[in-house]
$ cat start.cif   # mmCIF, C-alpha atoms
data_upload
#
loop_
_atom_site.group_PDB
_atom_site.id
_atom_site.type_symbol
_atom_site.label_atom_id
_atom_site.label_comp_id
_atom_site.auth_asym_id
_atom_site.auth_seq_id
_atom_site.Cartn_x
_atom_site.Cartn_y
_atom_site.Cartn_z
ATOM 1 C CA MET F 1 2.648 -10.643 -45.694
ATOM 2 C CA LYS F 2 -0.687 -8.886 -46.135
ATOM 3 C CA LYS F 3 -1.773 -9.803 -42.599
ATOM 4 C CA THR F 4 1.541 -8.548 -41.201
ATOM 5 C CA ASN F 5 1.193 -5.258 -43.094
ATOM 6 C CA THR F 6 -2.369 -4.756 -41.909
ATOM 7 C CA ILE F 7 -1.495 -5.384 -38.274
ATOM 8 C CA TYR F 8 1.585 -3.173 -38.567
ATOM 9 C CA TRP F 9 -0.421 -0.270 -39.968
ATOM 10 C CA ILE F 10 -3.140 -0.581 -37.328
ATOM 11 C CA PHE F 11 -0.605 -0.451 -34.499
ATOM 12 C CA THR F 12 1.415 2.276 -36.209
ATOM 13 C CA ALA F 13 -1.644 4.423 -36.900
ATOM 14 C CA LEU F 14 -2.733 4.163 -33.259
ATOM 15 C CA LEU F 15 0.774 5.029 -32.109
ATOM 16 C CA CYS F 16 1.111 8.033 -34.407
ATOM 17 C CA VAL F 17 -2.345 9.340 -33.554
ATOM 18 C CA SER F 18 -1.498 9.101 -29.845
ATOM 19 C CA LEU F 19 1.750 11.000 -30.446
ATOM 20 C CA LEU F 20 -0.041 13.665 -32.439
ATOM 21 C CA LEU F 21 -2.850 14.092 -29.933
ATOM 22 C CA SER F 22 -0.468 14.248 -26.992
ATOM 23 C CA SER F 23 1.891 16.737 -28.629
ATOM 24 C CA LEU F 24 -0.561 19.317 -29.977
ATOM 25 C CA PRO F 25 -1.775 20.693 -26.617
ATOM 26 C CA ASP F 26 1.851 21.146 -25.535
ATOM 27 C CA LEU F 27 2.863 22.689 -28.836
ATOM 28 C CA PHE F 28 0.040 25.236 -28.710
ATOM 29 C CA GLY F 29 0.483 25.988 -25.007
ATOM 30 C CA ALA F 30 -2.896 24.769 -23.769
ATOM 31 C CA GLN F 31 -3.473 25.704 -20.145
ATOM 32 C CA GLN F 32 -4.275 22.121 -19.127
ATOM 33 C CA ALA F 33 -0.940 20.965 -20.572
ATOM 34 C CA ARG F 34 0.854 23.748 -18.690
ATOM 35 C CA ASP F 35 -0.892 22.684 -15.502
ATOM 36 C CA VAL F 36 0.186 19.068 -15.954
ATOM 37 C CA PHE F 37 3.845 19.985 -16.452
ATOM 38 C CA SER F 38 3.717 22.405 -13.551
ATOM 39 C CA HIS F 39 2.183 19.706 -11.342
ATOM 40 C CA LEU F 40 4.970 17.317 -12.351
ATOM 41 C CA GLY F 41 7.577 19.951 -11.499
ATOM 42 C CA TYR F 42 8.956 20.376 -15.007
ATOM 43 C CA PRO F 43 9.632 23.677 -16.792
ATOM 44 C CA TRP F 44 7.417 24.497 -19.754
ATOM 45 C CA SER F 45 10.392 24.366 -22.125
ATOM 46 C CA ILE F 46 10.519 20.568 -21.645
ATOM 47 C CA ALA F 47 6.924 20.305 -22.883
ATOM 48 C CA LEU F 48 7.748 22.202 -26.053
ATOM 49 C CA PHE F 49 10.832 20.062 -26.667
ATOM 50 C CA LEU F 50 8.918 16.819 -26.110
ATOM 51 C CA SER F 51 6.039 17.878 -28.349
ATOM 52 C CA VAL F 52 8.390 18.569 -31.257
ATOM 53 C CA ALA F 53 10.273 15.312 -30.572
ATOM 54 C CA LYS F 54 6.998 13.333 -30.609
ATOM 55 C CA LEU F 55 6.001 14.841 -33.941
ATOM 56 C CA LEU F 56 9.418 14.107 -35.434
ATOM 57 C CA GLY F 57 9.262 10.554 -34.051
ATOM 58 C CA ALA F 58 5.878 9.980 -35.682
ATOM 59 C CA ILE F 59 7.189 11.304 -38.988
ATOM 60 C CA ALA F 60 10.276 9.082 -38.741
ATOM 61 C CA ILE F 61 8.109 6.022 -38.184
ATOM 62 C CA LEU F 62 5.737 6.849 -41.046
ATOM 63 C CA VAL F 63 8.317 7.722 -43.704
ATOM 64 C CA PRO F 64 9.459 4.616 -45.613
ATOM 65 C CA GLY F 65 13.100 3.612 -45.439
ATOM 66 C CA TYR F 66 15.675 4.949 -42.962
ATOM 67 C CA PRO F 67 15.728 1.913 -40.635
ATOM 68 C CA ARG F 68 18.298 3.406 -38.242
ATOM 69 C CA ILE F 69 16.250 6.564 -37.752
ATOM 70 C CA LYS F 70 13.150 4.436 -37.151
ATOM 71 C CA GLU F 71 14.994 2.504 -34.436
ATOM 72 C CA TRP F 72 15.957 5.759 -32.754
ATOM 73 C CA ALA F 73 12.389 7.023 -33.046
ATOM 74 C CA TYR F 74 11.007 3.871 -31.417
ATOM 75 C CA ALA F 75 13.607 4.195 -28.644
ATOM 76 C CA GLY F 76 12.776 7.861 -28.079
ATOM 77 C CA ILE F 77 9.049 7.191 -27.928
ATOM 78 C CA THR F 78 9.664 4.371 -25.460
ATOM 79 C CA PHE F 79 11.701 6.725 -23.251
ATOM 80 C CA ASP F 80 8.958 9.343 -23.509
ATOM 81 C CA PHE F 81 6.236 6.883 -22.476
ATOM 82 C CA LEU F 82 8.365 5.449 -19.651
ATOM 83 C CA GLY F 83 9.328 8.920 -18.458
ATOM 84 C CA ALA F 84 5.736 10.131 -18.440
ATOM 85 C CA THR F 85 4.595 7.085 -16.499
ATOM 86 C CA PHE F 86 7.489 7.280 -14.047
ATOM 87 C CA SER F 87 6.916 11.006 -13.487
ATOM 88 C CA GLN F 88 3.351 10.326 -12.393
ATOM 89 C CA ILE F 89 4.461 7.508 -10.084
ATOM 90 C CA ALA F 90 7.345 9.565 -8.635
ATOM 91 C CA ILE F 91 5.117 12.403 -7.461
ATOM 92 C CA GLY F 92 2.703 9.994 -5.828
ATOM 93 C CA THR F 93 -0.167 10.151 -8.297
ATOM 94 C CA PRO F 94 -2.656 7.404 -7.430
ATOM 95 C CA ALA F 95 -2.466 4.391 -9.751
ATOM 96 C CA ALA F 96 -6.059 4.921 -10.864
ATOM 97 C CA GLN F 97 -4.933 8.146 -12.556
ATOM 98 C CA TRP F 98 -1.840 6.836 -14.375
ATOM 99 C CA ILE F 99 -2.505 3.153 -15.019
ATOM 100 C CA PHE F 100 -4.258 3.965 -18.316
ATOM 101 C CA MET F 101 -0.932 5.262 -19.637
ATOM 102 C CA ILE F 102 0.277 1.665 -19.913
ATOM 103 C CA ILE F 103 -2.346 1.075 -22.621
ATOM 104 C CA TRP F 104 -0.288 3.227 -25.025
ATOM 105 C CA PHE F 105 2.604 0.787 -24.756
ATOM 106 C CA ILE F 106 0.484 -1.743 -26.681
ATOM 107 C CA PRO F 107 0.527 0.128 -30.025
ATOM 108 C CA LEU F 108 4.187 1.033 -29.467
ATOM 109 C CA ILE F 109 5.264 -2.560 -28.892
ATOM 110 C CA GLY F 110 2.943 -3.895 -31.599
ATOM 111 C CA SER F 111 4.214 -1.410 -34.171
ATOM 112 C CA TYR F 112 7.831 -2.215 -33.313
ATOM 113 C CA ILE F 113 7.351 -5.987 -33.455
ATOM 114 C CA TYR F 114 5.459 -5.875 -36.746
ATOM 115 C CA TYR F 115 7.943 -3.384 -38.214
ATOM 116 C CA HIS F 116 10.622 -6.030 -37.726
ATOM 117 C CA LYS F 117 8.365 -8.783 -39.064
ATOM 118 C CA ARG F 118 7.877 -6.708 -42.209
ATOM 119 C CA LEU F 119 11.626 -6.229 -42.524
ATOM 120 C CA ARG F 120 12.284 -9.959 -42.225
ATOM 121 C CA ALA F 121 9.563 -10.744 -44.771
ATOM 122 C CA THR F 122 11.107 -8.467 -47.399
ATOM 123 C CA VAL F 123 14.600 -9.949 -47.121
#
$ encode --input "start.cif" --output "structure tokens"
Amino acid sequence: MKKTNTIYWIFTALLCVSLLLSSLPDLFGAQQARDVFSHLGYPWSIALFLSVAKLLGAIAILVPGYPRIKEWAYAGITFDFLGATFSQIAIGTPAAQWIFMIIWFIPLIGSYIYYHKRLRATV
């Protein structure tokens, strides 16, 4: 169980740090973040919505208990990551510029898998 907990917390910490670091520039209206959303063809209001949703998702994953909310948070983060990757592909961004985004699926998937391993171990 200790190994499972350690792996879970490593993946979860990486996931939550990535959510925090990707939401803060949007939340504070950084010009580079505005440029990215403009380049993708999205209104700025979407960036603000997504930044708040990412922060709430990270909180939902970190707070103990509430398994249904955690499932929704994992689903929402997955949709966010898929949507961000697809948006880059859809506008014709070269793969060299978006392929790194797939790396962030590793902590997401790892955190989700080990979350369920922890649940099974406690039953």
$ residues_around --input "start.cif" --residues "segment 79-89 of chain F" --least-positions-apart "3" --cutoff "7 Å" --atoms "all atoms listed in the file" --output "PyMOL selection string"
chain F and resi 40+75-76+92-93+98+101
$ write_last_selection --input "start.cif" --atoms "C-alpha atoms" --output "short mmCIF file (atom, residue, chain, number, x, y, z; two decimals), in the frame of the given file"
data_model
loop_
_atom_site.label_atom_id
_atom_site.label_comp_id
_atom_site.auth_asym_id
_atom_site.auth_seq_id
_atom_site.Cartn_x
_atom_site.Cartn_y
_atom_site.Cartn_z
CA LEU F 40 4.97 17.32 -12.35
CA ALA F 75 13.61 4.20 -28.64
CA GLY F 76 12.78 7.86 -28.08
CA GLY F 92 2.70 9.99 -5.83
CA THR F 93 -0.17 10.15 -8.30
CA TRP F 98 -1.84 6.84 -14.38
CA MET F 101 -0.93 5.26 -19.64
#
$ atom_distance --input "start.cif" --atom1 "atom CA of Asp35 of chain F" --atom2 "atom CA of Leu55 of chain F"
21.2 Å
$ residues_around --input "start.cif" --residues "Ile106 of chain F" --least-positions-apart "6" --cutoff "10 Å" --atoms "all atoms listed in the file" --output "tab-separated table (two decimals) with C-alpha atoms, in the frame of the given file"
chain	number	residue	atom	x	y	z
F	11	PHE	CA	-0.60	-0.45	-34.50
F	14	LEU	CA	-2.73	4.16	-33.26
F	15	LEU	CA	0.77	5.03	-32.11
F	112	TYR	CA	7.83	-2.22	-33.31
$ resolve_selection --input "start.cif" --expression "the PyMOL selection byres ((chain F and resi 10) around 12)" --output "VMD selection string"
chain F and resid 3 to 9 11 to 17 106 to 108 110 to 112 114 to 115
$ residues_around --input "start.cif" --residues "Leu48 of chain F" --least-positions-apart "4" --cutoff "12 Å" --atoms "all atoms listed in the file" --output "list in words"
Ser22, Ser23, Leu24, Pro25, Asp26, Leu27, Phe28, Gly29, Ala30, Ala33, Arg34, Phe37, Tyr42, Pro43, Trp44, Val52, Ala53, Lys54 and Leu55 of chain F
$ closest_residue --input "start.cif" --among "F:Val63, F:Leu56, F:Tyr74, F:Gln31" --to "Ile113 of chain F" --atoms "all atoms listed in the file"
F:Tyr74
$ atom_distance --input "start.cif" --atom1 "atom CA of Ile61 of chain F" --atom2 "atom CA of Arg120 of chain F"
17.0 Å
$ atom_distance --input "start.cif" --atom1 "atom CA of Val36 of chain F" --atom2 "atom CA of Lys70 of chain F"
28.8 Å
$ axis_aligned_box --input "start.cif" --around "segment 80-93 of chain F" --padding-each-side "6 Å" --output "lines of an AutoDock Vina configuration file"
center_x = 4.6
center_y = 8.9
center_z = -14.7
size_x = 21.5
size_y = 19.0
size_z = 29.7
$ closest_residue --input "start.cif" --among "F:Ile46, F:Ile91, F:Leu21, F:Leu119" --to "Ala58 of chain F" --atoms "all atoms listed in the file"
F:Leu21
$ closest_residue --input "start.cif" --among "F:His39, F:Tyr66, F:Thr78, F:Ala96" --to "Leu19 of chain F" --atoms "only C-alpha atoms"
F:Thr78
$ closest_residue --input "start.cif" --among "F:Gly57, F:Pro94, F:Gly41, F:Gly65" --to "Ser18 of chain F" --atoms "all atoms listed in the file"
F:Gly57
$ closest_residue --input "start.cif" --among "F:Ile102, F:Gln32, F:Lys117, F:Ala73" --to "Ala60 of chain F" --atoms "all atoms listed in the file"
F:Ala73
$ decode --input "start.cif" --residues "segment 71-92 of chain F" --atoms "N, CA and C atoms" --output "compact mmCIF listing (two decimals), in the first residue's frame"
# COMPACT_ATOMS: atom_id res chain seq x y z
N GLU F 71 -14.12 11.63 -9.86
CA GLU F 71 -14.31 11.04 -11.19
C GLU F 71 -14.65 12.12 -12.21
N TRP F 72 -15.52 13.04 -11.84
CA TRP F 72 -15.87 14.13 -12.73
C TRP F 72 -14.66 15.04 -12.99
N ALA F 73 -13.86 15.26 -11.97
CA ALA F 73 -12.67 16.09 -12.14
C ALA F 73 -11.69 15.43 -13.11
N TYR F 74 -11.46 14.14 -12.94
CA TYR F 74 -10.57 13.43 -13.87
C TYR F 74 -11.12 13.49 -15.30
N ALA F 75 -12.43 13.33 -15.44
CA ALA F 75 -13.04 13.40 -16.78
C ALA F 75 -12.87 14.79 -17.37
N GLY F 76 -13.12 15.82 -16.57
CA GLY F 76 -12.99 17.19 -17.07
C GLY F 76 -11.57 17.52 -17.47
N ILE F 77 -10.61 17.07 -16.70
CA ILE F 77 -9.20 17.33 -17.02
C ILE F 77 -8.83 16.58 -18.30
N THR F 78 -9.34 15.37 -18.46
CA THR F 78 -9.08 14.62 -19.69
C THR F 78 -9.64 15.38 -20.89
N PHE F 79 -10.87 15.88 -20.78
CA PHE F 79 -11.46 16.65 -21.88
C PHE F 79 -10.66 17.92 -22.16
N ASP F 80 -10.18 18.56 -21.11
CA ASP F 80 -9.36 19.76 -21.29
C ASP F 80 -8.07 19.44 -22.05
N PHE F 81 -7.38 18.39 -21.63
CA PHE F 81 -6.13 18.01 -22.30
C PHE F 81 -6.38 17.59 -23.75
N LEU F 82 -7.44 16.79 -23.97
CA LEU F 82 -7.76 16.37 -25.33
C LEU F 82 -8.16 17.56 -26.20
N GLY F 83 -8.95 18.45 -25.62
CA GLY F 83 -9.39 19.63 -26.37
C GLY F 83 -8.23 20.55 -26.74
N ALA F 84 -7.30 20.72 -25.81
CA ALA F 84 -6.14 21.57 -26.10
C ALA F 84 -5.28 20.96 -27.19
N THR F 85 -5.09 19.65 -27.12
CA THR F 85 -4.28 18.98 -28.14
C THR F 85 -4.99 19.02 -29.49
N PHE F 86 -6.28 18.72 -29.50
CA PHE F 86 -7.03 18.74 -30.75
C PHE F 86 -7.06 20.13 -31.36
N SER F 87 -7.20 21.16 -30.53
CA SER F 87 -7.24 22.53 -31.05
C SER F 87 -5.96 22.87 -31.81
N GLN F 88 -4.83 22.44 -31.28
CA GLN F 88 -3.56 22.69 -31.96
C GLN F 88 -3.50 21.94 -33.29
N ILE F 89 -3.96 20.68 -33.28
CA ILE F 89 -3.93 19.88 -34.50
C ILE F 89 -4.89 20.47 -35.53
N ALA F 90 -6.07 20.90 -35.09
CA ALA F 90 -7.12 21.39 -36.00
C ALA F 90 -6.71 22.64 -36.76
N ILE F 91 -5.89 23.49 -36.14
CA ILE F 91 -5.49 24.70 -36.86
C ILE F 91 -4.21 24.51 -37.66
N GLY F 92 -3.71 23.28 -37.66
CA GLY F 92 -2.54 22.98 -38.48
C GLY F 92 -1.20 23.27 -37.84
